[in-house]
Every structure is written in structure tokens, then in C-alpha cells.
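What follows is the content of run10.pdb (PDB, C-alpha atoms and all ligand atoms).
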ATOM      1  CA  MET A   1      -1.956  50.615 -41.054  1.00  0.00           C
ATOM      2  CA  ARG A   2       0.886  48.386 -42.227  1.00  0.00           C
ATOM      3  CA  ILE A   3       2.057  48.021 -38.611  1.00  0.00           C
ATOM      4  CA  LEU A   4      -1.469  47.066 -37.511  1.00  0.00           C
ATOM      5  CA  ILE A   5      -1.725  44.349 -40.211  1.00  0.00           C
ATOM      6  CA  LYS A   6       1.687  43.065 -39.143  1.00  0.00           C
ATOM      7  CA  LYS A   7       0.498  42.892 -35.528  1.00  0.00           C
ATOM      8  CA  ILE A   8      -2.688  41.008 -36.503  1.00  0.00           C
ATOM      9  CA  ASN A   9      -0.617  38.517 -38.552  1.00  0.00           C
ATOM     10  CA  LEU A  10       1.705  38.013 -35.612  1.00  0.00           C
ATOM     11  CA  PHE A  11      -1.271  37.333 -33.329  1.00  0.00           C
ATOM     12  CA  HIS A  12      -2.738  34.809 -35.810  1.00  0.00           C
ATOM     13  CA  GLY A  13       0.630  33.097 -36.068  1.00  0.00           C
ATOM     14  CA  PHE A  14       0.816  32.833 -32.311  1.00  0.00           C
ATOM     15  CA  THR A  15      -2.702  31.360 -31.934  1.00  0.00           C
ATOM     16  CA  ASN A  16      -2.035  28.887 -34.750  1.00  0.00           C
ATOM     17  CA  TYR A  17       1.179  27.832 -33.033  1.00  0.00           C
ATOM     18  CA  ILE A  18      -0.640  27.267 -29.726  1.00  0.00           C
ATOM     19  CA  LEU A  19      -3.467  25.358 -31.395  1.00  0.00           C
ATOM     20  CA  LYS A  20      -1.106  23.153 -33.434  1.00  0.00           C
ATOM     21  CA  ASN A  21       1.429  22.405 -30.713  1.00  0.00           C
ATOM     22  CA  HIS A  22      -0.595  22.477 -27.534  1.00  0.00           C
ATOM     23  CA  PHE A  23      -3.947  21.338 -28.752  1.00  0.00           C
ATOM     24  CA  SER A  24      -4.012  18.233 -26.558  1.00  0.00           C
ATOM     25  CA  ILE A  25      -3.203  20.146 -23.342  1.00  0.00           C
ATOM     26  CA  PHE A  26      -5.522  22.979 -24.336  1.00  0.00           C
ATOM     27  CA  GLY A  27      -8.250  20.467 -25.190  1.00  0.00           C
ATOM     28  CA  GLU A  28      -7.827  18.645 -21.870  1.00  0.00           C
ATOM     29  CA  TYR A  29      -8.322  21.814 -19.882  1.00  0.00           C
ATOM     30  CA  LEU A  30     -11.315  22.845 -21.962  1.00  0.00           C
ATOM     31  CA  ILE A  31     -12.953  19.436 -21.598  1.00  0.00           C
ATOM     32  CA  PHE A  32     -12.224  19.372 -17.893  1.00  0.00           C
ATOM     33  CA  ALA A  33     -13.480  22.913 -17.333  1.00  0.00           C
ATOM     34  CA  PHE A  34     -16.909  22.189 -18.753  1.00  0.00           C
ATOM     35  CA  MET A  35     -17.034  18.447 -17.900  1.00  0.00           C
ATOM     36  CA  ASP A  36     -18.886  18.001 -21.159  1.00  0.00           C
ATOM     37  CA  TYR A  37     -17.224  14.899 -22.527  1.00  0.00           C
ATOM     38  CA  PRO A  38     -17.358  14.614 -26.311  1.00  0.00           C
ATOM     39  CA  SER A  39     -17.747  10.855 -26.157  1.00  0.00           C
ATOM     40  CA  LYS A  40     -19.831   8.438 -24.067  1.00  0.00           C
ATOM     41  CA  LEU A  41     -16.935   5.958 -24.161  1.00  0.00           C
ATOM     42  CA  LEU A  42     -14.598   8.596 -22.753  1.00  0.00           C
ATOM     43  CA  THR A  43     -17.112   9.364 -19.970  1.00  0.00           C
ATOM     44  CA  GLU A  44     -17.290   5.661 -19.102  1.00  0.00           C
ATOM     45  CA  ILE A  45     -13.521   5.105 -18.896  1.00  0.00           C
ATOM     46  CA  VAL A  46     -12.994   8.318 -16.894  1.00  0.00           C
ATOM     47  CA  ASP A  47     -15.707   7.236 -14.427  1.00  0.00           C
ATOM     48  CA  GLU A  48     -14.105   3.784 -14.060  1.00  0.00           C
ATOM     49  CA  ILE A  49     -10.529   5.058 -13.579  1.00  0.00           C
ATOM     50  CA  ALA A  50     -11.734   7.724 -11.115  1.00  0.00           C
ATOM     51  CA  LYS A  51     -13.108   4.933  -8.866  1.00  0.00           C
ATOM     52  CA  LEU A  52      -9.488   4.003  -8.006  1.00  0.00           C
ATOM     53  CA  PRO A  53      -8.189   5.456  -4.726  1.00  0.00           C
ATOM     54  CA  GLY A  54      -6.340   8.747  -4.971  1.00  0.00           C
ATOM     55  CA  ILE A  55      -7.416   9.391  -8.572  1.00  0.00           C
ATOM     56  CA  GLY A  56      -9.737  12.276  -9.313  1.00  0.00           C
ATOM     57  CA  LYS A  57     -11.602  12.859 -12.571  1.00  0.00           C
ATOM     58  CA  ARG A  58      -8.919  15.196 -13.857  1.00  0.00           C
ATOM     59  CA  THR A  59      -6.180  12.554 -13.500  1.00  0.00           C
ATOM     60  CA  ALA A  60      -8.551   9.899 -14.856  1.00  0.00           C
ATOM     61  CA  LEU A  61      -9.094  12.013 -17.967  1.00  0.00           C
ATOM     62  CA  ARG A  62      -5.333  12.523 -18.402  1.00  0.00           C
ATOM     63  CA  LEU A  63      -4.746   8.745 -18.162  1.00  0.00           C
ATOM     64  CA  ALA A  64      -7.564   7.958 -20.605  1.00  0.00           C
ATOM     65  CA  LEU A  65      -6.203  10.448 -23.148  1.00  0.00           C
ATOM     66  CA  HIS A  66      -2.712   9.022 -22.640  1.00  0.00           C
ATOM     67  CA  LEU A  67      -4.007   5.538 -23.510  1.00  0.00           C
ATOM     68  CA  LEU A  68      -5.586   6.967 -26.621  1.00  0.00           C
ATOM     69  CA  LYS A  69      -2.172   8.149 -27.827  1.00  0.00           C
ATOM     70  CA  GLN A  70      -0.521   4.753 -27.244  1.00  0.00           C
ATOM     71  CA  PRO A  71      -0.756   1.685 -29.544  1.00  0.00           C
ATOM     72  CA  VAL A  72      -3.993  -0.268 -28.968  1.00  0.00           C
ATOM     73  CA  GLU A  73      -1.892  -3.287 -27.821  1.00  0.00           C
ATOM     74  CA  GLN A  74      -0.912  -1.377 -24.687  1.00  0.00           C
ATOM     75  CA  SER A  75      -4.556  -0.965 -23.665  1.00  0.00           C
ATOM     76  CA  GLU A  76      -5.197  -4.650 -24.456  1.00  0.00           C
ATOM     77  CA  ASN A  77      -2.241  -5.738 -22.287  1.00  0.00           C
ATOM     78  CA  LEU A  78      -3.384  -3.479 -19.452  1.00  0.00           C
ATOM     79  CA  SER A  79      -6.969  -4.727 -19.470  1.00  0.00           C
ATOM     80  CA  GLN A  80      -5.813  -8.383 -19.730  1.00  0.00           C
ATOM     81  CA  SER A  81      -3.403  -7.922 -16.775  1.00  0.00           C
ATOM     82  CA  ILE A  82      -6.116  -6.336 -14.631  1.00  0.00           C
ATOM     83  CA  THR A  83      -8.632  -9.110 -15.395  1.00  0.00           C
ATOM     84  CA  LYS A  84      -6.048 -11.907 -14.949  1.00  0.00           C
ATOM     85  CA  PHE A  85      -4.778 -10.429 -11.667  1.00  0.00           C
ATOM     86  CA  ARG A  86      -8.272  -9.952 -10.280  1.00  0.00           C
ATOM     87  CA  LYS A  87      -9.511 -13.422 -11.287  1.00  0.00           C
ATOM     88  CA  GLU A  88      -6.446 -15.577 -10.694  1.00  0.00           C
ATOM     89  CA  VAL A  89      -4.472 -14.104  -7.795  1.00  0.00           C
ATOM     90  CA  LYS A  90      -4.775 -16.156  -4.619  1.00  0.00           C
ATOM     91  CA  HIS A  91      -4.241 -15.649  -0.928  1.00  0.00           C
ATOM     92  CA  CYS A  92      -1.883 -18.134   0.719  1.00  0.00           C
ATOM     93  CA  LYS A  93      -4.046 -20.478   2.774  1.00  0.00           C
ATOM     94  CA  VAL A  94      -1.512 -20.392   5.628  1.00  0.00           C
ATOM     95  CA  CYS A  95      -0.467 -16.740   5.974  1.00  0.00           C
ATOM     96  CA  HIS A  96      -3.024 -14.990   3.680  1.00  0.00           C
ATOM     97  CA  ASN A  97      -0.311 -13.133   1.764  1.00  0.00           C
ATOM     98  CA  ILE A  98      -0.954 -12.595  -1.957  1.00  0.00           C
ATOM     99  CA  SER A  99       0.328 -15.589  -3.897  1.00  0.00           C
ATOM    100  CA  ASP A 100       0.098 -17.373  -7.255  1.00  0.00           C
ATOM    101  CA  LYS A 101      -0.040 -20.748  -5.498  1.00  0.00           C
ATOM    102  CA  PRO A 102      -2.257 -22.126  -2.701  1.00  0.00           C
ATOM    103  CA  VAL A 103       0.728 -21.885  -0.299  1.00  0.00           C
ATOM    104  CA  CYS A 104       3.132 -18.977  -0.825  1.00  0.00           C
ATOM    105  CA  ASP A 105       6.905 -19.262  -1.336  1.00  0.00           C
ATOM    106  CA  ILE A 106       7.656 -17.929   2.176  1.00  0.00           C
ATOM    107  CA  CYS A 107       5.427 -20.492   3.925  1.00  0.00           C
ATOM    108  CA  SER A 108       6.813 -23.285   1.687  1.00  0.00           C
ATOM    109  CA  ASP A 109      10.435 -22.373   2.450  1.00  0.00           C
ATOM    110  CA  GLN A 110      11.573 -24.905   5.047  1.00  0.00           C
ATOM    111  CA  SER A 111      14.818 -22.994   5.645  1.00  0.00           C
ATOM    112  CA  ARG A 112      12.735 -20.253   7.319  1.00  0.00           C
ATOM    113  CA  GLN A 113      11.766 -20.370  10.990  1.00  0.00           C
ATOM    114  CA  GLN A 114       8.218 -21.710  10.839  1.00  0.00           C
ATOM    115  CA  ASN A 115       7.822 -21.233  14.614  1.00  0.00           C
ATOM    116  CA  LEU A 116       8.320 -17.439  14.391  1.00  0.00           C
ATOM    117  CA  VAL A 117       5.314 -15.536  12.974  1.00  0.00           C
ATOM    118  CA  CYS A 118       5.283 -11.827  12.199  1.00  0.00           C
ATOM    119  CA  VAL A 119       1.769 -10.312  12.129  1.00  0.00           C
ATOM    120  CA  VAL A 120       1.336  -7.496   9.583  1.00  0.00           C
ATOM    121  CA  GLU A 121      -1.496  -5.436   8.139  1.00  0.00           C
ATOM    122  CA  ASP A 122      -1.075  -6.213   4.440  1.00  0.00           C
ATOM    123  CA  VAL A 123       1.186  -7.434   1.624  1.00  0.00           C
ATOM    124  CA  ARG A 124       3.069  -4.106   1.486  1.00  0.00           C
ATOM    125  CA  ASP A 125       4.372  -4.704   5.008  1.00  0.00           C
ATOM    126  CA  VAL A 126       5.578  -8.202   4.056  1.00  0.00           C
ATOM    127  CA  MET A 127       7.441  -6.662   1.088  1.00  0.00           C
ATOM    128  CA  ALA A 128       8.963  -3.935   3.304  1.00  0.00           C
ATOM    129  CA  ILE A 129      10.201  -6.395   5.956  1.00  0.00           C
ATOM    130  CA  GLU A 130      11.467  -8.840   3.292  1.00  0.00           C
ATOM    131  CA  SER A 131      13.466  -6.039   1.654  1.00  0.00           C
ATOM    132  CA  THR A 132      15.519  -5.664   4.863  1.00  0.00           C
ATOM    133  CA  GLY A 133      16.789  -9.253   4.482  1.00  0.00           C
ATOM    134  CA  GLU A 134      16.905  -9.429   8.319  1.00  0.00           C
ATOM    135  CA  TYR A 135      13.842 -11.548   9.055  1.00  0.00           C
ATOM    136  CA  ARG A 136      13.862 -15.319   8.596  1.00  0.00           C
ATOM    137  CA  GLY A 137      10.528 -16.235  10.134  1.00  0.00           C
ATOM    138  CA  VAL A 138       7.115 -16.441   8.425  1.00  0.00           C
ATOM    139  CA  TYR A 139       4.129 -14.049   8.361  1.00  0.00           C
ATOM    140  CA  HIS A 140       0.441 -13.688   9.046  1.00  0.00           C
ATOM    141  CA  VAL A 141      -1.342 -11.028   6.984  1.00  0.00           C
ATOM    142  CA  LEU A 142      -4.403  -9.592   8.763  1.00  0.00           C
ATOM    143  CA  GLY A 143      -5.861  -7.842   5.714  1.00  0.00           C
ATOM    144  CA  GLY A 144      -6.373  -4.563   7.610  1.00  0.00           C
ATOM    145  CA  LEU A 145      -6.612  -3.165  11.132  1.00  0.00           C
ATOM    146  CA  ILE A 146      -9.466  -2.985  13.616  1.00  0.00           C
ATOM    147  CA  SER A 147     -11.060   0.413  13.070  1.00  0.00           C
ATOM    148  CA  PRO A 148     -14.377   1.147  14.804  1.00  0.00           C
ATOM    149  CA  ILE A 149     -14.669   4.484  12.941  1.00  0.00           C
ATOM    150  CA  ASP A 150     -14.475   2.707   9.573  1.00  0.00           C
ATOM    151  CA  GLY A 151     -16.685  -0.128  10.793  1.00  0.00           C
ATOM    152  CA  ILE A 152     -13.885  -2.731  10.592  1.00  0.00           C
ATOM    153  CA  GLY A 153     -14.140  -5.287  13.378  1.00  0.00           C
ATOM    154  CA  PRO A 154     -12.033  -8.372  14.269  1.00  0.00           C
ATOM    155  CA  SER A 155     -14.319 -10.643  12.186  1.00  0.00           C
ATOM    156  CA  ASP A 156     -13.429  -8.652   9.031  1.00  0.00           C
ATOM    157  CA  LEU A 157      -9.763  -9.634   9.438  1.00  0.00           C
ATOM    158  CA  THR A 158      -7.936 -12.983   9.507  1.00  0.00           C
ATOM    159  CA  ILE A 159      -7.620 -12.956  13.324  1.00  0.00           C
ATOM    160  CA  ASP A 160      -9.617 -16.181  13.815  1.00  0.00           C
ATOM    161  CA  LYS A 161      -7.360 -17.907  11.299  1.00  0.00           C
ATOM    162  CA  LEU A 162      -4.291 -16.695  13.207  1.00  0.00           C
ATOM    163  CA  LEU A 163      -5.700 -18.089  16.472  1.00  0.00           C
ATOM    164  CA  LYS A 164      -6.464 -21.441  14.754  1.00  0.00           C
ATOM    165  CA  ARG A 165      -2.944 -21.452  13.340  1.00  0.00           C
ATOM    166  CA  LEU A 166      -1.559 -20.944  16.850  1.00  0.00           C
ATOM    167  CA  GLU A 167      -3.640 -23.849  18.159  1.00  0.00           C
ATOM    168  CA  ASN A 168      -2.677 -26.263  15.391  1.00  0.00           C
ATOM    169  CA  GLN A 169       0.952 -25.358  14.729  1.00  0.00           C
ATOM    170  CA  THR A 170       3.973 -25.133  17.024  1.00  0.00           C
ATOM    171  CA  ILE A 171       4.626 -21.401  17.144  1.00  0.00           C
ATOM    172  CA  ASP A 172       7.062 -20.115  19.769  1.00  0.00           C
ATOM    173  CA  GLU A 173       6.898 -16.379  19.111  1.00  0.00           C
ATOM    174  CA  ILE A 174       4.486 -13.885  17.579  1.00  0.00           C
ATOM    175  CA  VAL A 175       5.913 -10.512  16.480  1.00  0.00           C
ATOM    176  CA  LEU A 176       3.257  -7.812  16.223  1.00  0.00           C
ATOM    177  CA  ALA A 177       4.477  -5.501  13.454  1.00  0.00           C
ATOM    178  CA  LEU A 178       1.561  -3.099  13.033  1.00  0.00           C
ATOM    179  CA  SER A 179       1.466   0.644  12.403  1.00  0.00           C
ATOM    180  CA  ALA A 180       2.024   2.986  15.353  1.00  0.00           C
ATOM    181  CA  THR A 181      -1.467   4.448  14.966  1.00  0.00           C
ATOM    182  CA  VAL A 182      -4.663   4.306  17.041  1.00  0.00           C
ATOM    183  CA  ASP A 183      -5.970   1.459  14.834  1.00  0.00           C
ATOM    184  CA  GLY A 184      -2.591  -0.318  15.046  1.00  0.00           C
ATOM    185  CA  ASP A 185      -2.564  -0.055  18.847  1.00  0.00           C
ATOM    186  CA  THR A 186      -6.201  -1.198  19.105  1.00  0.00           C
ATOM    187  CA  THR A 187      -5.415  -4.254  16.961  1.00  0.00           C
ATOM    188  CA  ASN A 188      -2.207  -4.974  18.916  1.00  0.00           C
ATOM    189  CA  PHE A 189      -4.110  -4.917  22.192  1.00  0.00           C
ATOM    190  CA  TYR A 190      -6.936  -7.108  20.860  1.00  0.00           C
ATOM    191  CA  LEU A 191      -4.448  -9.664  19.499  1.00  0.00           C
ATOM    192  CA  TYR A 192      -2.445  -9.618  22.733  1.00  0.00           C
ATOM    193  CA  ARG A 193      -5.580 -10.344  24.764  1.00  0.00           C
ATOM    194  CA  LYS A 194      -6.813 -13.114  22.430  1.00  0.00           C
ATOM    195  CA  ILE A 195      -3.419 -14.815  22.124  1.00  0.00           C
ATOM    196  CA  SER A 196      -2.845 -14.652  25.914  1.00  0.00           C
ATOM    197  CA  GLU A 197      -6.133 -16.530  26.436  1.00  0.00           C
ATOM    198  CA  LEU A 198      -4.865 -19.571  24.485  1.00  0.00           C
ATOM    199  CA  ALA A 199      -4.096 -22.748  26.430  1.00  0.00           C
ATOM    200  CA  VAL A 200      -0.400 -22.524  25.503  1.00  0.00           C
ATOM    201  CA  PRO A 201       0.261 -18.940  24.443  1.00  0.00           C
ATOM    202  CA  PRO A 202       3.449 -18.195  22.521  1.00  0.00           C
ATOM    203  CA  LYS A 203       5.832 -15.402  23.461  1.00  0.00           C
ATOM    204  CA  ILE A 204       4.353 -12.114  22.146  1.00  0.00           C
ATOM    205  CA  SER A 205       6.692  -9.326  21.074  1.00  0.00           C
ATOM    206  CA  THR A 206       6.270  -6.104  19.126  1.00  0.00           C
ATOM    207  CA  ILE A 207       8.609  -4.244  16.813  1.00  0.00           C
ATOM    208  CA  ALA A 208      10.731  -1.567  18.516  1.00  0.00           C
ATOM    209  CA  ARG A 209       9.465   1.990  18.212  1.00  0.00           C
ATOM    210  CA  GLY A 210      11.777   4.926  18.640  1.00  0.00           C
ATOM    211  CA  ILE A 211      13.981   7.526  17.001  1.00  0.00           C
ATOM    212  CA  GLY A 212      14.399   6.886  13.272  1.00  0.00           C
ATOM    213  CA  VAL A 213      17.862   6.366  11.782  1.00  0.00           C
ATOM    214  CA  GLY A 214      19.281   9.766  10.783  1.00  0.00           C
ATOM    215  CA  GLU A 215      16.599  11.620  12.770  1.00  0.00           C
ATOM    216  CA  GLU A 216      17.661  14.427  15.140  1.00  0.00           C
ATOM    217  CA  LEU A 217      16.431  14.200  18.734  1.00  0.00           C
ATOM    218  CA  GLU A 218      15.053  17.732  18.880  1.00  0.00           C
ATOM    219  CA  TYR A 219      12.670  17.003  16.000  1.00  0.00           C
ATOM    220  CA  ALA A 220      11.285  13.759  17.463  1.00  0.00           C
ATOM    221  CA  ASP A 221       7.810  13.997  18.997  1.00  0.00           C
ATOM    222  CA  GLU A 222       7.438  13.481  22.759  1.00  0.00           C
ATOM    223  CA  VAL A 223       5.750  10.052  22.528  1.00  0.00           C
ATOM    224  CA  THR A 224       8.486   8.669  20.245  1.00  0.00           C
ATOM    225  CA  LEU A 225      11.236  10.111  22.419  1.00  0.00           C
ATOM    226  CA  ALA A 226       9.601   8.750  25.599  1.00  0.00           C
ATOM    227  CA  ARG A 227       9.312   5.275  24.030  1.00  0.00           C
ATOM    228  CA  SER A 228      12.935   5.418  22.896  1.00  0.00           C
ATOM    229  CA  ILE A 229      14.097   6.100  26.446  1.00  0.00           C
ATOM    230  CA  THR A 230      11.784   3.530  28.041  1.00  0.00           C
ATOM    231  CA  ASN A 231      12.792   0.847  25.510  1.00  0.00           C
ATOM    232  CA  ARG A 232      16.527   1.680  25.609  1.00  0.00           C
ATOM    233  CA  VAL A 233      18.891  -1.124  24.568  1.00  0.00           C
ATOM    234  CA  PRO A 234      22.431  -2.046  25.705  1.00  0.00           C
ATOM    235  CA  PHE A 235      25.008  -0.103  23.691  1.00  0.00           C
ATOM    236  CA  GLU A 236      26.633  -3.292  22.301  1.00  0.00           C
ATOM    237  CA  LYS A 237      23.266  -4.334  20.865  1.00  0.00           C
ATOM    238  CA  SER A 238      22.803  -0.901  19.213  1.00  0.00           C
ATOM    239  CA  ILE A 239      26.217  -1.212  17.489  1.00  0.00           C
ATOM    240  CA  LYS A 240      25.225  -4.671  16.211  1.00  0.00           C
ATOM    241  CA  GLN A 241      21.871  -3.302  14.971  1.00  0.00           C
ATOM    242  CA  ASN A 242      23.502  -0.384  13.163  1.00  0.00           C
ATOM    243  CA  GLY A 243      26.322  -2.458  11.747  1.00  0.00           C
TER     244      GLY A 243
HETATM  245 ZN    ZN B   1       2.080 -17.979   3.061  1.00  0.00          ZN
END

In C-alpha cells, write the structure found in this file.
Ligand SMILES: [Zn+2]
Amino acid sequence: MRILIKKINLFHGFTNYILKNHFSIFGEYLIFAFMDYPSKLLTEIVDEIAKLPGIGKRTALRLALHLLKQPVEQSENLSQSITKFRKEVKHCKVCHNISDKPVCDICSDQSRQQNLVCVVEDVRDVMAIESTGEYRGVYHVLGGLISPIDGIGPSDLTIDKLLKRLENQTIDEIVLALSATVDGDTTNFYLYRKISELAVPPKISTIARGIGVGEELEYADEVTLARSITNRVPFEKSIKQNG
């Protein structure tokens, strides 16, 4: 009997420990399992956060409960930043990159080659190319890619603005730097056709596609390998590129 009482006490101690130390995690799982939110305000914030791409209700709930544990100032700063960003951020009227000013720093920089324009899908591509420190031209941000499946046509992008820019500005070369996907290729082809129809078309080039740095040949897919062989470069140029 004494042993049994001891065992019951041990069990109670264990459950108390779990409840005291892991209540929040335990609570989260319980709430999630039944989806019966104890508060209307919690339901609202979870629904709003879950509208963001890649965030399900479970993550939304975790983020909402995290905010609840932080000082209220943190939530105020977050909501102010979101509102300010959404209301005040601009798109450069020349290249359509995200900017705080009507014309972005890249377009305003006269030390950059204004006659060389790199066409990209969105701001993330501008950031990626800028981080290489190798490109000294300017950009044109399309705001997406032509995608018939998703119902995105040329008029949904800034293609007309690019064509106007080419008519009104002296641009010697256009670099098409779009993703190597079906949508990227469709957009490349559309742009190539439209730009070629201009009275004085600029030179049109595209970024090289081939074997990635550090990638072994046997693991490259056939299309990439075929492109790498077709678009081979003189050895001296490859040393310069790698160095
Ligand atoms: Zn700009």
C-alpha cells in the first residue's frame, strides 16, 4: 500500500511538473487540436497572419502566442512598420524597383551605365545581382512573369513601360535575367519579340545558363549540360570569370 501511494505521488509530481513547465506548449497543441480558440481576438489575429504565403494556421497561432509573451511595444512597432511600409513604399518611376524616393538610388547613380538595362522579375533579383558587385548597369523590374496558367498576361507586368523606356532613352543593351522556368522562357521570348520590333532595337542578351560553381557534371540534368556545351566559352574567359 505504501508503495502504491508513493507511485501515485510520483505520478502527480510528474503531471504537475509538465503542467507548470510546459503549459504553453501543451496549451498550443490542445488549442490547435480542437481549433476552438478561447478568444475572438486570438481567432482574428491567427486568421490574418495565416493569410501570409507559406504560413498555416498552426504557425500563425505560434506567432500570435509569441507576440503575447513579448512586451506590448514590440507588437506596436511591428504593426506600425507594416502600415508604414504598405502605405509609404514607392516603386521607382524609371525601373519599378521598390524605393523610398520617386527615383531609386540605382537609377539616380550617374556612375552606373544607364545604357545597359538588366530585366528581372522582382526586387529579390535586383538584390541578388547587386550582391555580386559585378554589374554596373541599371535595371527594369517586371513585377512577375507571364504565366497563362496563373492568368498573368503581359499587361499585368511593366512590359509596356520597358518598351516606352527603350523608345525614349538611349539603351544599347538589354540583359534578360529571368528564371530558367517555363514562365521565364515564355517571358524571355515575348520580350525578345517585342523589343526586336522596335524601330531601333538594342542588343538583346540573356544571362548564361550552365553548370553551377562547385557542381559535379554527373549530377547536372541533361538540359543544363547541353546548354553548357552549346554556350561554351574560351578558356581564358572562364579563368577571368572564376578569378
Ligand atoms: Zn530605379

Query raised in the report: Leaving out Gly56 in chain A and any residue of its chain fewer than 6 positions from it, which residues lie within 12 Å of it when counting only C-alpha atoms, given as a ChimeraX atom specification?
Result: /A:32,46-50,62-63

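Minimum distance to Leu61 in chain A across A:Asn231, A:Ser39, A:Asn188, A:Ser155 (counting only C-alpha atoms) occurs at A:Ser39.
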
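Going from CA of Asp150 in chain A over to CA of Val117 in chain A, you cover 27.1 Å.
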
What are the nearest atom pairs, with distances in Å to one decimal, for all residues of chain A that come at most 6 Å from ligand ZN 1 (chain B), using only C-alpha atoms and all ligand atoms, set out by chain and rising residue number as a Markdown table?
| residue | atom | partner | partner_atom | distance |
| --- | --- | --- | --- | --- |
| A:Cys92 | CA | B:ZN1 | ZN | 4.6 |
| A:Val94 | CA | B:ZN1 | ZN | 5.0 |
| A:Cys95 | CA | B:ZN1 | ZN | 4.1 |
| A:His96 | CA | B:ZN1 | ZN | 5.9 |
| A:Asn97 | CA | B:ZN1 | ZN | 5.6 |
| A:Val103 | CA | B:ZN1 | ZN | 5.3 |
| A:Cys104 | CA | B:ZN1 | ZN | 4.1 |
| A:Ile106 | CA | B:ZN1 | ZN | 5.6 |
| A:Cys107 | CA | B:ZN1 | ZN | 4.3 |

Requested in this report: Can you turn the PyMOL selection byres (((chain A and resi 130-142) around 6) and not hetatm) into a concrete residue list for this file, as a ChimeraX atom specification?
Outcome: /A:95-97,112-114,116-122,126-129,143-144,157-158

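The gap separating CA of Arg165 in chain A from CA of Asn115 in chain A is 10.8 Å, in Å to one decimal.
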